[in-house]
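> Please find entry02.txt (compact mmCIF, N, CA and C atoms) on the next line:
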```txt
# COMPACT_ATOMS: atom_id res chain seq x y z
N MET A 1 53.87 79.15 -40.68
CA MET A 1 54.17 79.09 -39.25
C MET A 1 53.38 77.94 -38.64
N SER A 2 54.05 77.12 -37.85
CA SER A 2 53.37 75.97 -37.26
C SER A 2 52.56 76.40 -36.04
N PRO A 3 51.49 75.67 -35.75
CA PRO A 3 50.68 76.02 -34.57
C PRO A 3 51.47 75.79 -33.29
N ARG A 4 51.11 76.52 -32.31
CA ARG A 4 51.78 76.42 -31.01
C ARG A 4 51.49 75.06 -30.38
N GLY A 5 52.49 74.48 -29.76
CA GLY A 5 52.35 73.17 -29.13
C GLY A 5 51.50 73.24 -27.88
N PRO A 6 51.23 72.09 -27.29
CA PRO A 6 50.41 72.05 -26.08
C PRO A 6 51.14 72.67 -24.89
N TYR A 7 50.37 73.21 -23.98
CA TYR A 7 50.92 73.79 -22.76
C TYR A 7 51.41 72.65 -21.88
N ARG A 8 52.65 72.77 -21.40
CA ARG A 8 53.21 71.72 -20.56
C ARG A 8 53.72 72.32 -19.26
N ARG A 9 53.64 71.53 -18.22
CA ARG A 9 54.23 71.91 -16.93
C ARG A 9 55.36 70.94 -16.66
N HIS A 10 56.45 71.47 -16.19
CA HIS A 10 57.60 70.63 -15.86
C HIS A 10 57.75 70.58 -14.35
N SER A 11 58.06 69.41 -13.85
CA SER A 11 58.21 69.24 -12.41
C SER A 11 59.46 69.97 -11.93
N MET A 12 59.46 70.27 -10.65
CA MET A 12 60.60 70.93 -10.03
C MET A 12 61.84 70.04 -10.15
N GLN A 13 61.64 68.73 -10.02
CA GLN A 13 62.77 67.80 -10.14
C GLN A 13 63.37 67.84 -11.54
N PHE A 14 62.50 67.92 -12.56
CA PHE A 14 62.99 68.00 -13.94
C PHE A 14 63.81 69.27 -14.14
N LYS A 15 63.28 70.40 -13.65
CA LYS A 15 63.98 71.67 -13.80
C LYS A 15 65.33 71.63 -13.11
N LEU A 16 65.36 71.07 -11.91
CA LEU A 16 66.59 70.99 -11.14
C LEU A 16 67.64 70.15 -11.87
N GLN A 17 67.24 68.98 -12.33
CA GLN A 17 68.17 68.10 -13.05
C GLN A 17 68.62 68.74 -14.36
N PHE A 18 67.69 69.38 -15.05
CA PHE A 18 67.96 70.07 -16.31
C PHE A 18 69.05 71.13 -16.11
N CYS A 19 68.87 71.98 -15.10
CA CYS A 19 69.82 73.05 -14.82
C CYS A 19 71.17 72.50 -14.37
N GLN A 20 71.15 71.47 -13.55
CA GLN A 20 72.40 70.86 -13.10
C GLN A 20 73.18 70.29 -14.29
N ASP A 21 72.48 69.65 -15.21
CA ASP A 21 73.13 69.08 -16.39
C ASP A 21 73.77 70.17 -17.24
N ILE A 22 73.08 71.29 -17.42
CA ILE A 22 73.63 72.38 -18.22
C ILE A 22 74.83 73.01 -17.50
N ARG A 23 74.69 73.29 -16.22
CA ARG A 23 75.77 73.93 -15.47
C ARG A 23 77.00 73.03 -15.34
N ASN A 24 76.80 71.70 -15.30
CA ASN A 24 77.93 70.77 -15.20
C ASN A 24 78.51 70.40 -16.56
N GLY A 25 77.94 70.92 -17.63
CA GLY A 25 78.47 70.68 -18.96
C GLY A 25 78.06 69.34 -19.56
N VAL A 26 77.08 68.68 -18.97
CA VAL A 26 76.62 67.40 -19.50
C VAL A 26 75.93 67.61 -20.85
N ILE A 27 75.20 68.71 -20.97
CA ILE A 27 74.49 69.03 -22.20
C ILE A 27 74.54 70.54 -22.38
N GLY A 28 74.63 70.97 -23.62
CA GLY A 28 74.65 72.40 -23.91
C GLY A 28 73.23 72.95 -23.98
N ARG A 29 73.12 74.26 -23.91
CA ARG A 29 71.79 74.89 -23.96
C ARG A 29 71.06 74.56 -25.25
N ARG A 30 71.75 74.68 -26.36
CA ARG A 30 71.11 74.45 -27.66
C ARG A 30 70.67 72.98 -27.81
N ASP A 31 71.51 72.05 -27.37
CA ASP A 31 71.14 70.64 -27.41
C ASP A 31 69.95 70.35 -26.50
N ALA A 32 69.96 70.96 -25.32
CA ALA A 32 68.85 70.78 -24.37
C ALA A 32 67.56 71.34 -24.97
N GLN A 33 67.68 72.48 -25.63
CA GLN A 33 66.52 73.12 -26.25
C GLN A 33 65.90 72.21 -27.30
N ARG A 34 66.73 71.61 -28.12
CA ARG A 34 66.22 70.70 -29.17
C ARG A 34 65.70 69.39 -28.59
N THR A 35 66.45 68.82 -27.65
CA THR A 35 66.10 67.51 -27.10
C THR A 35 64.78 67.54 -26.34
N TYR A 36 64.60 68.57 -25.52
CA TYR A 36 63.42 68.63 -24.65
C TYR A 36 62.33 69.58 -25.16
N SER A 37 62.54 70.19 -26.32
CA SER A 37 61.58 71.14 -26.90
C SER A 37 61.21 72.24 -25.90
N VAL A 38 62.24 72.85 -25.35
CA VAL A 38 62.07 73.94 -24.38
C VAL A 38 62.65 75.20 -25.00
N SER A 39 61.96 76.31 -24.86
CA SER A 39 62.41 77.56 -25.47
C SER A 39 63.66 78.09 -24.78
N ALA A 40 64.42 78.88 -25.52
CA ALA A 40 65.64 79.49 -24.97
C ALA A 40 65.30 80.42 -23.81
N ASN A 41 64.19 81.13 -23.91
CA ASN A 41 63.78 82.03 -22.83
C ASN A 41 63.47 81.25 -21.55
N LEU A 42 62.81 80.12 -21.69
CA LEU A 42 62.48 79.31 -20.52
C LEU A 42 63.74 78.73 -19.89
N ILE A 43 64.68 78.31 -20.72
CA ILE A 43 65.95 77.80 -20.20
C ILE A 43 66.66 78.89 -19.42
N GLN A 44 66.69 80.11 -19.95
CA GLN A 44 67.34 81.22 -19.26
C GLN A 44 66.65 81.51 -17.93
N LEU A 45 65.32 81.47 -17.92
CA LEU A 45 64.56 81.71 -16.69
C LEU A 45 64.92 80.67 -15.63
N TRP A 46 64.92 79.39 -16.02
CA TRP A 46 65.24 78.32 -15.09
C TRP A 46 66.67 78.44 -14.57
N LEU A 47 67.61 78.76 -15.45
CA LEU A 47 69.01 78.89 -15.03
C LEU A 47 69.18 80.07 -14.07
N SER A 48 68.45 81.15 -14.31
CA SER A 48 68.50 82.29 -13.39
C SER A 48 67.97 81.90 -12.02
N GLN A 49 66.86 81.18 -12.00
CA GLN A 49 66.29 80.71 -10.74
C GLN A 49 67.26 79.75 -10.05
N PHE A 50 67.87 78.88 -10.82
CA PHE A 50 68.84 77.92 -10.28
C PHE A 50 70.03 78.65 -9.65
N ASP A 51 70.55 79.65 -10.34
CA ASP A 51 71.71 80.40 -9.84
C ASP A 51 71.37 81.19 -8.58
N ARG A 52 70.13 81.66 -8.47
CA ARG A 52 69.71 82.41 -7.28
C ARG A 52 69.36 81.47 -6.13
N GLY A 53 69.33 80.18 -6.38
CA GLY A 53 69.02 79.21 -5.32
C GLY A 53 67.54 78.95 -5.16
N GLU A 54 66.74 79.39 -6.12
CA GLU A 54 65.30 79.18 -6.03
C GLU A 54 64.89 77.77 -6.44
N LEU A 55 65.75 77.09 -7.17
CA LEU A 55 65.50 75.69 -7.53
C LEU A 55 66.46 74.85 -6.70
N ASN A 56 65.93 74.16 -5.71
CA ASN A 56 66.79 73.30 -4.90
C ASN A 56 66.04 72.02 -4.55
N GLN A 57 66.74 71.09 -3.95
CA GLN A 57 66.17 69.77 -3.68
C GLN A 57 65.00 69.84 -2.71
N GLU A 58 65.07 70.72 -1.70
CA GLU A 58 63.97 70.81 -0.74
C GLU A 58 62.69 71.29 -1.42
N GLU A 59 62.83 72.29 -2.30
CA GLU A 59 61.66 72.79 -3.01
C GLU A 59 61.11 71.73 -3.97
N ALA A 60 62.00 70.95 -4.57
CA ALA A 60 61.57 69.89 -5.47
C ALA A 60 60.76 68.84 -4.70
N GLU A 61 61.26 68.48 -3.51
CA GLU A 61 60.54 67.51 -2.68
C GLU A 61 59.22 68.08 -2.19
N ALA A 62 59.20 69.35 -1.80
CA ALA A 62 57.97 69.99 -1.35
C ALA A 62 56.96 70.05 -2.48
N SER A 63 57.44 70.29 -3.68
CA SER A 63 56.56 70.33 -4.85
C SER A 63 55.90 68.97 -5.09
N VAL A 64 56.68 67.91 -4.94
CA VAL A 64 56.14 66.56 -5.13
C VAL A 64 55.11 66.25 -4.05
N VAL A 65 55.42 66.62 -2.81
CA VAL A 65 54.49 66.38 -1.71
C VAL A 65 53.19 67.14 -1.93
N ALA A 66 53.28 68.39 -2.35
CA ALA A 66 52.08 69.19 -2.61
C ALA A 66 51.26 68.59 -3.74
N GLU A 67 51.95 68.08 -4.75
CA GLU A 67 51.26 67.44 -5.88
C GLU A 67 50.52 66.19 -5.41
N TYR A 68 51.17 65.39 -4.59
CA TYR A 68 50.54 64.18 -4.05
C TYR A 68 49.36 64.52 -3.15
N GLU A 69 49.51 65.55 -2.33
CA GLU A 69 48.42 65.95 -1.44
C GLU A 69 47.20 66.40 -2.25
N GLY A 70 47.43 67.11 -3.32
CA GLY A 70 46.34 67.52 -4.19
C GLY A 70 45.64 66.33 -4.82
N ARG A 71 46.42 65.37 -5.25
CA ARG A 71 45.87 64.16 -5.86
C ARG A 71 45.07 63.35 -4.83
N ILE A 72 45.58 63.26 -3.61
CA ILE A 72 44.87 62.55 -2.54
C ILE A 72 43.55 63.22 -2.24
N ALA A 73 43.56 64.55 -2.15
CA ALA A 73 42.32 65.29 -1.88
C ALA A 73 41.29 65.05 -2.98
N ALA A 74 41.73 65.04 -4.23
CA ALA A 74 40.81 64.79 -5.35
C ALA A 74 40.22 63.39 -5.26
N LEU A 75 41.05 62.42 -4.92
CA LEU A 75 40.57 61.04 -4.80
C LEU A 75 39.60 60.89 -3.63
N GLU A 76 39.89 61.58 -2.53
CA GLU A 76 38.98 61.53 -1.38
C GLU A 76 37.62 62.13 -1.74
N ARG A 77 37.62 63.22 -2.51
CA ARG A 77 36.36 63.81 -2.96
C ARG A 77 35.59 62.84 -3.84
N LYS A 78 36.32 62.16 -4.71
CA LYS A 78 35.68 61.19 -5.61
C LYS A 78 35.07 60.04 -4.82
N VAL A 79 35.78 59.54 -3.82
CA VAL A 79 35.27 58.46 -2.97
C VAL A 79 34.01 58.92 -2.25
N GLY A 80 34.05 60.15 -1.73
CA GLY A 80 32.86 60.68 -1.06
C GLY A 80 31.67 60.79 -2.00
N GLN A 81 31.94 61.23 -3.20
CA GLN A 81 30.88 61.36 -4.21
C GLN A 81 30.29 59.99 -4.54
N LEU A 82 31.15 59.00 -4.76
CA LEU A 82 30.68 57.66 -5.10
C LEU A 82 29.93 57.03 -3.93
N THR A 83 30.37 57.32 -2.70
CA THR A 83 29.69 56.81 -1.51
C THR A 83 28.28 57.38 -1.44
N MET A 84 28.14 58.67 -1.73
CA MET A 84 26.83 59.30 -1.69
C MET A 84 25.90 58.72 -2.76
N GLU A 85 26.47 58.37 -3.93
CA GLU A 85 25.67 57.80 -5.01
C GLU A 85 25.13 56.41 -4.64
N LEU A 86 25.89 55.68 -3.84
CA LEU A 86 25.45 54.35 -3.42
C LEU A 86 24.31 54.49 -2.43
```
Here is a file; write its structure as structure tokens.


Amino acid sequence: MSPRGPYRRHSMQFKLQFCQDIRNGVIGRRDAQRTYSVSANLIQLWLSQFDRGELNQEEAEASVVAEYEGRIAALERKVGQLTMEL
């Protein structure tokens, strides 16, 4: 048995595009599973969320904004730390 791969997080935009591609017939579930190394259970979870409307463009954009805000806050803390060291 091979060791478990690294833990990965997928962006909301990736999930949205992934589900749209499967639902529009661009790629099949099995091909998507092999291509992106995503488990069948995770694909089913994402498709269920997509069908319920939990994955949408507004949430994807909000997710990106929240990610950027977190990164900005971390950088501001780092600048403050470096300023104090000077």

> May I have the protein, DNA and RNA residues with any atom at most 8 Å from the point (63.4, 76.5, -9.4), counting only C-alpha atoms, written as a list in words?

Met12, Lys15, Leu16, Trp46, Gln49, Phe50, Gly53, Glu54, Leu55, Asn56, Glu59 and Ala60 of chain A

> Write out as a ChimeraX atom specification all residues of chain A that DSSP puts in helix (DSSP H, G or I) for this structure's backbone.

/A:12-23,29-36,40-52,57-85

> With 8 Å of padding per side, what axis-aligned box (centre and edge lengths, Å, one decimal) covers all the listed atoms of range 47-55 of chain A? Give it as JSON.


```
{"center_x": 68.3, "center_y": 78.6, "center_z": -10.3, "size_x": 22.8, "size_y": 23.6, "size_z": 26.3}
```

> What does the distance from atom C of Glu67 in chain A to atom N of Phe14 in chain A come to in Å, to one decimal?

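About the pair atom C of Glu67 in chain A and atom N of Phe14 in chain A: they are 14.1 Å apart.
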
> To one decimal in Å, tell me the separation between atom N of Gly28 in chain A and atom C of Arg9 in chain A.

20.5 Å

> Just to confirm, what's the straight-line distance from atom C of Ser11 in chain A to atom C of Ala73 in chain A in Å (one decimal)?

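Going from atom C of Ser11 in chain A over to atom C of Ala73 in chain A covers 20.8 Å.
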
> At a cut-off of 8 Å around the point (67.6, 76.6, -15.7) (file coordinates), what residues fall inside when counting only N, CA and C atoms? I'd like the answer as a ChimeraX atom specification.

/A:15-16,18-20,22-23,42-51

> Generate the missing atoms of range 33-44 of chain A up to all heavy atoms and report them as an mmCIF file, in the frame of the given file.


```cif
data_model
loop_
_atom_site.group_PDB
_atom_site.id
_atom_site.type_symbol
_atom_site.label_atom_id
_atom_site.label_comp_id
_atom_site.auth_asym_id
_atom_site.auth_seq_id
_atom_site.Cartn_x
_atom_site.Cartn_y
_atom_site.Cartn_z
ATOM 1 N N GLN A 33 67.680 72.480 -25.630
ATOM 2 C CA GLN A 33 66.520 73.120 -26.250
ATOM 3 C C GLN A 33 65.900 72.210 -27.300
ATOM 4 O O GLN A 33 64.677 72.025 -27.350
ATOM 5 C CB GLN A 33 66.956 74.444 -26.875
ATOM 6 C CG GLN A 33 65.838 75.267 -27.439
ATOM 7 C CD GLN A 33 66.350 76.598 -27.995
ATOM 8 O OE1 GLN A 33 67.506 76.969 -27.798
ATOM 9 N NE2 GLN A 33 65.491 77.294 -28.693
ATOM 10 N N ARG A 34 66.730 71.610 -28.120
ATOM 11 C CA ARG A 34 66.220 70.700 -29.170
ATOM 12 C C ARG A 34 65.700 69.390 -28.590
ATOM 13 O O ARG A 34 64.652 68.903 -28.982
ATOM 14 C CB ARG A 34 67.334 70.390 -30.163
ATOM 15 C CG ARG A 34 67.618 71.504 -31.103
ATOM 16 C CD ARG A 34 68.558 71.051 -32.216
ATOM 17 N NE ARG A 34 69.348 72.181 -32.644
ATOM 18 C CZ ARG A 34 70.667 72.268 -32.559
ATOM 19 N NH1 ARG A 34 71.371 71.267 -32.099
ATOM 20 N NH2 ARG A 34 71.300 73.339 -32.955
ATOM 21 N N THR A 35 66.450 68.820 -27.650
ATOM 22 C CA THR A 35 66.100 67.510 -27.100
ATOM 23 C C THR A 35 64.780 67.540 -26.340
ATOM 24 O O THR A 35 63.943 66.660 -26.497
ATOM 25 C CB THR A 35 67.212 67.014 -26.152
ATOM 26 O OG1 THR A 35 68.435 66.952 -26.880
ATOM 27 C CG2 THR A 35 66.881 65.643 -25.595
ATOM 28 N N TYR A 36 64.600 68.570 -25.520
ATOM 29 C CA TYR A 36 63.420 68.630 -24.650
ATOM 30 C C TYR A 36 62.330 69.580 -25.160
ATOM 31 O O TYR A 36 61.321 69.773 -24.481
ATOM 32 C CB TYR A 36 63.840 69.040 -23.236
ATOM 33 C CG TYR A 36 64.772 68.044 -22.612
ATOM 34 C CD1 TYR A 36 66.119 68.327 -22.456
ATOM 35 C CD2 TYR A 36 64.314 66.798 -22.195
ATOM 36 C CE1 TYR A 36 66.983 67.405 -21.888
ATOM 37 C CE2 TYR A 36 65.174 65.877 -21.636
ATOM 38 C CZ TYR A 36 66.497 66.184 -21.476
ATOM 39 O OH TYR A 36 67.349 65.260 -20.918
ATOM 40 N N SER A 37 62.540 70.190 -26.320
ATOM 41 C CA SER A 37 61.580 71.140 -26.900
ATOM 42 C C SER A 37 61.210 72.240 -25.900
ATOM 43 O O SER A 37 60.034 72.494 -25.632
ATOM 44 C CB SER A 37 60.326 70.414 -27.379
ATOM 45 O OG SER A 37 60.640 69.461 -28.351
ATOM 46 N N VAL A 38 62.240 72.850 -25.350
ATOM 47 C CA VAL A 38 62.070 73.940 -24.380
ATOM 48 C C VAL A 38 62.650 75.200 -25.000
ATOM 49 O O VAL A 38 63.720 75.161 -25.608
ATOM 50 C CB VAL A 38 62.799 73.598 -23.058
ATOM 51 C CG1 VAL A 38 62.709 74.736 -22.079
ATOM 52 C CG2 VAL A 38 62.231 72.332 -22.450
ATOM 53 N N SER A 39 61.960 76.310 -24.860
ATOM 54 C CA SER A 39 62.410 77.560 -25.470
ATOM 55 C C SER A 39 63.660 78.090 -24.780
ATOM 56 O O SER A 39 63.918 77.816 -23.598
ATOM 57 C CB SER A 39 61.311 78.617 -25.423
ATOM 58 O OG SER A 39 61.142 79.094 -24.111
ATOM 59 N N ALA A 40 64.420 78.880 -25.520
ATOM 60 C CA ALA A 40 65.640 79.490 -24.970
ATOM 61 C C ALA A 40 65.300 80.420 -23.810
ATOM 62 O O ALA A 40 66.047 80.494 -22.824
ATOM 63 C CB ALA A 40 66.378 80.245 -26.072
ATOM 64 N N ASN A 41 64.190 81.130 -23.910
ATOM 65 C CA ASN A 41 63.780 82.030 -22.830
ATOM 66 C C ASN A 41 63.470 81.250 -21.550
ATOM 67 O O ASN A 41 63.819 81.698 -20.458
ATOM 68 C CB ASN A 41 62.544 82.844 -23.238
ATOM 69 C CG ASN A 41 62.876 83.881 -24.274
ATOM 70 O OD1 ASN A 41 64.002 84.319 -24.398
ATOM 71 N ND2 ASN A 41 61.872 84.271 -25.047
ATOM 72 N N LEU A 42 62.810 80.120 -21.690
ATOM 73 C CA LEU A 42 62.480 79.310 -20.520
ATOM 74 C C LEU A 42 63.740 78.730 -19.890
ATOM 75 O O LEU A 42 63.876 78.700 -18.661
ATOM 76 C CB LEU A 42 61.511 78.193 -20.905
ATOM 77 C CG LEU A 42 60.895 77.399 -19.770
ATOM 78 C CD1 LEU A 42 60.160 78.320 -18.800
ATOM 79 C CD2 LEU A 42 59.930 76.366 -20.327
ATOM 80 N N ILE A 43 64.680 78.310 -20.720
ATOM 81 C CA ILE A 43 65.950 77.800 -20.200
ATOM 82 C C ILE A 43 66.660 78.890 -19.420
ATOM 83 O O ILE A 43 67.153 78.648 -18.305
ATOM 84 C CB ILE A 43 66.845 77.276 -21.347
ATOM 85 C CG1 ILE A 43 66.237 76.008 -21.956
ATOM 86 C CG2 ILE A 43 68.267 77.001 -20.849
ATOM 87 C CD1 ILE A 43 66.942 75.518 -23.205
ATOM 88 N N GLN A 44 66.690 80.110 -19.950
ATOM 89 C CA GLN A 44 67.340 81.220 -19.260
ATOM 90 C C GLN A 44 66.650 81.510 -17.930
ATOM 91 O O GLN A 44 67.301 81.756 -16.919
ATOM 92 C CB GLN A 44 67.351 82.480 -20.141
ATOM 93 C CG GLN A 44 68.053 83.646 -19.508
ATOM 94 C CD GLN A 44 69.506 83.347 -19.161
ATOM 95 O OE1 GLN A 44 70.221 82.735 -19.943
ATOM 96 N NE2 GLN A 44 69.934 83.772 -17.989
#
```
